[in-house]
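The data block below is run_5.txt; it holds compact mmCIF, C-alpha atoms.
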```txt
# COMPACT_ATOMS: atom_id res chain seq x y z
CA MET A 1 14.61 -4.41 4.18
CA LYS A 2 15.98 -3.85 0.66
CA GLU A 3 16.01 -7.59 -0.07
CA GLU A 4 12.47 -7.99 1.22
CA ALA A 5 11.31 -5.13 -1.02
CA LYS A 6 12.96 -6.77 -4.03
CA ALA A 7 11.20 -10.05 -3.21
CA ILE A 8 7.84 -8.28 -3.10
CA VAL A 9 8.43 -6.62 -6.48
CA LYS A 10 9.52 -9.95 -7.97
CA SER A 11 6.36 -11.64 -6.72
CA VAL A 12 4.20 -8.94 -8.30
CA GLU A 13 6.20 -9.11 -11.53
CA GLU A 14 5.46 -12.85 -11.53
CA LEU A 15 1.76 -11.90 -11.62
CA GLU A 16 0.75 -12.16 -7.98
CA GLU A 17 -2.58 -10.36 -7.74
CA VAL A 18 -2.29 -7.27 -5.54
CA THR A 19 -4.24 -4.12 -4.82
CA THR A 20 -3.53 -0.57 -3.72
CA THR A 21 -5.33 2.75 -3.63
CA THR A 22 -4.70 5.93 -5.57
CA VAL A 23 -3.44 7.52 -2.35
CA HIS A 24 -0.89 4.81 -1.62
CA LEU A 25 0.18 4.63 -5.25
CA SER A 26 0.86 8.36 -5.10
CA GLU A 27 2.98 7.89 -1.96
CA VAL A 28 5.13 5.26 -3.68
CA VAL A 29 5.49 7.28 -6.89
CA ASN A 30 6.67 10.29 -4.85
CA ILE A 31 9.23 8.17 -2.98
CA ILE A 32 10.57 6.74 -6.25
CA GLU A 33 10.75 10.19 -7.82
CA THR A 34 12.68 11.58 -4.84
CA GLY A 35 15.11 8.67 -4.73
CA LEU A 36 15.50 7.67 -8.36
CA GLY A 37 14.18 10.55 -10.44
CA LEU A 38 11.18 11.50 -12.50
CA GLN A 39 11.66 9.03 -15.34
CA GLU A 40 11.92 6.05 -12.96
CA SER A 41 8.76 7.15 -11.15
CA LEU A 42 6.89 7.55 -14.44
CA GLY A 43 8.07 4.12 -15.56
CA PHE A 44 6.84 2.61 -12.31
CA LEU A 45 3.47 4.34 -12.66
CA THR A 46 3.12 3.08 -16.23
CA TRP A 47 3.86 -0.46 -15.05
CA ILE A 48 1.18 -0.22 -12.35
CA ILE A 49 -1.43 1.22 -14.71
CA THR A 50 -0.86 -1.39 -17.41
CA SER A 51 -0.46 -4.47 -15.19
CA GLN A 52 -3.45 -6.80 -15.29
CA ASN A 53 -2.63 -8.23 -11.85
CA ILE A 54 -2.60 -4.89 -10.02
CA LYS A 55 -5.91 -3.34 -9.03
CA VAL A 56 -5.91 0.33 -7.98
CA TYR A 57 -8.96 1.40 -5.99
CA PRO A 58 -10.06 5.04 -5.97
CA VAL A 59 -10.26 7.09 -2.79
CA ALA A 60 -12.87 9.75 -2.05
CA LEU A 61 -13.02 12.45 0.59
CA GLU A 62 -15.64 10.36 2.40
CA ASP A 63 -13.08 7.57 2.74
CA TYR A 64 -10.82 9.94 4.66
CA GLU A 65 -13.74 10.97 6.83
CA SER A 66 -14.26 7.31 7.72
CA ALA A 67 -10.54 6.80 8.34
CA MET A 68 -10.04 9.69 10.76
CA PRO A 69 -11.65 8.11 13.86
CA LEU A 70 -9.65 4.91 13.32
CA ALA A 71 -6.44 6.91 12.89
CA LYS A 72 -7.03 8.85 16.12
CA GLU A 73 -8.10 5.77 18.08
CA ASN A 74 -5.03 3.74 17.05
CA ASN A 75 -2.51 6.59 16.85
CA ILE A 76 -1.77 5.85 13.19
CA SER A 77 -1.66 8.05 10.11
CA ALA A 78 -4.80 8.80 8.14
CA ASN A 79 -3.30 6.97 5.15
CA ASP A 80 -2.62 3.85 7.23
CA ALA A 81 -6.21 3.93 8.47
CA LEU A 82 -7.38 4.45 4.90
CA ALA A 83 -5.42 1.39 3.75
CA TYR A 84 -6.92 -0.70 6.55
CA LEU A 85 -10.47 0.36 5.73
CA SER A 86 -9.90 -0.32 2.04
CA MET A 87 -8.63 -3.78 2.95
CA LYS A 88 -11.73 -4.44 5.04
CA THR A 89 -14.02 -3.21 2.25
CA HIS A 90 -12.36 -5.48 -0.31
CA GLU A 91 -11.90 -8.44 2.07
CA ILE A 92 -8.11 -8.33 1.96
CA ARG A 93 -6.30 -9.78 4.97
CA GLU A 94 -2.61 -9.31 4.16
CA ILE A 95 -0.61 -6.18 3.45
CA TYR A 96 2.91 -5.73 2.14
CA SER A 97 4.34 -3.02 4.36
CA PHE A 98 7.42 -2.11 6.34
CA ASP A 99 5.25 0.08 8.57
CA ARG A 100 4.82 -1.43 12.03
CA HIS A 101 1.69 0.63 12.63
CA PHE A 102 -0.26 -2.04 10.79
CA ASP A 103 0.59 -4.46 13.59
CA LYS A 104 -1.79 -2.47 15.81
CA LEU A 105 -4.77 -3.30 13.63
CA GLU A 106 -6.82 -6.45 14.04
CA ASP A 107 -7.81 -8.86 11.31
CA ILE A 108 -4.84 -8.19 9.02
CA THR A 109 -1.32 -9.55 8.71
CA ARG A 110 1.65 -7.42 7.72
CA LEU A 111 4.01 -9.06 5.25
CA PRO A 112 6.76 -10.01 4.94
CA ARG A 113 6.44 -11.86 8.24
CA THR A 114 10.19 -11.94 8.78
CA LEU A 115 10.26 -8.24 9.58
CA PRO A 116 10.43 -7.03 13.17
```
Before we go any further, please render this structure as C-alpha cells.
Amino acid sequence: MKEEAKAIVKSVEELEEVTTTTVHLSEVVNIIETGLGLQESLGFLTWIITSQNIKVYPVALEDYESAMPLAKENNISANDALAYLSMKTHEIREIYSFDRHFDKLEDITRLPRTLP
C-alpha cells in the first residue's frame, strides 16, 4: 500500500488534476500530523492550498444530511457517503482510496485498481 500511495502523490505532483473536500482534506491532515508531526501536516496543507491542480470543495451541514441515508443503506461511514455524493455532484467517476467501502457504491471506480 505504501508504494501505491507514493505513486498517487507523484501523479498529483506531476499536475494530475484531482479534487477533494474540506472534510477529507482534514482527515488526511490529521493522519499526517499524528504520524509525521505538526510541521509535516502544515506543509502538506500548504501544498494542497497552493496547488493549481487540486480543487477543494466545501462541505455544508446539508451535505451530511444528504449523506446519512446513503451511509445507513450501504453500511459505510458518513464521510465515505459524503465523498460519493460529492463525486456525483461534480461528475467524478474515479477515487483514489484504500478504503474497500467504495467498492459497494455504483458508478465509481476505486483506484489504484491493483488493490484488493
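The residue that comes closest to Phe102 of chain A, out of A:Val56, A:Val12, A:Ile48, A:Ala83 and on the basis of all atoms listed in the file, is A:Ala83.
Taking atom CA of Ala5 of chain A and atom CA of Leu111 of chain A as the two end points, the separation is 10.4 Å.
The two atoms in question, atom CA of Glu27 of chain A and atom CA of Asn79 of chain A, are spaced 9.5 Å apart.
What separates atom CA of Val28 of chain A from atom CA of Ser97 of chain A is a distance of 11.6 Å.
Those residues that approach Glu106 of chain A to within 12 Å, counting all atoms listed in the file, are A:Leu70, A:Asn74, A:Ala81, A:Tyr84, A:Leu85, A:Met87, A:Lys88, A:Arg93, A:Glu94, A:His101; same-chain residues fewer than 5 positions away are not listed.
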Of A:Ser66, A:Thr34, A:Thr20, A:Ser86, the one nearest to Ile49 of chain A when counting all atoms listed in the file is A:Thr20
Need the shell around Tyr57 of chain A: protein/DNA/RNA residues with any atom at most 10 Å away, counting all atoms listed in the file. Skip same-chain ones fewer than 5 positions apart. Format as a list of chain:residue names?
A:Thr19, A:Thr20, A:Thr21, A:Thr22, A:Val23, A:His24, A:Leu25, A:Ser86, A:His90
Tell me which protein, DNA and RNA residues are within 10 Å of Leu42 of chain A, counting all atoms listed in the file, leaving out same-chain ones fewer than 4 positions away, and put them as a list in words.
Val29, Asn30, Ile32, Glu33, Gly37, Leu38, Thr46, Trp47 and Ile48 of chain A
List as a PyMOL selection string the protein and nucleic acid residues near Leu61 of chain A, meaning an atom at most 12 Å away when only C-alpha atoms are counted, but skip any in the same chain fewer than 3 places from it.
chain A and resi 23+58+64-68+78+82
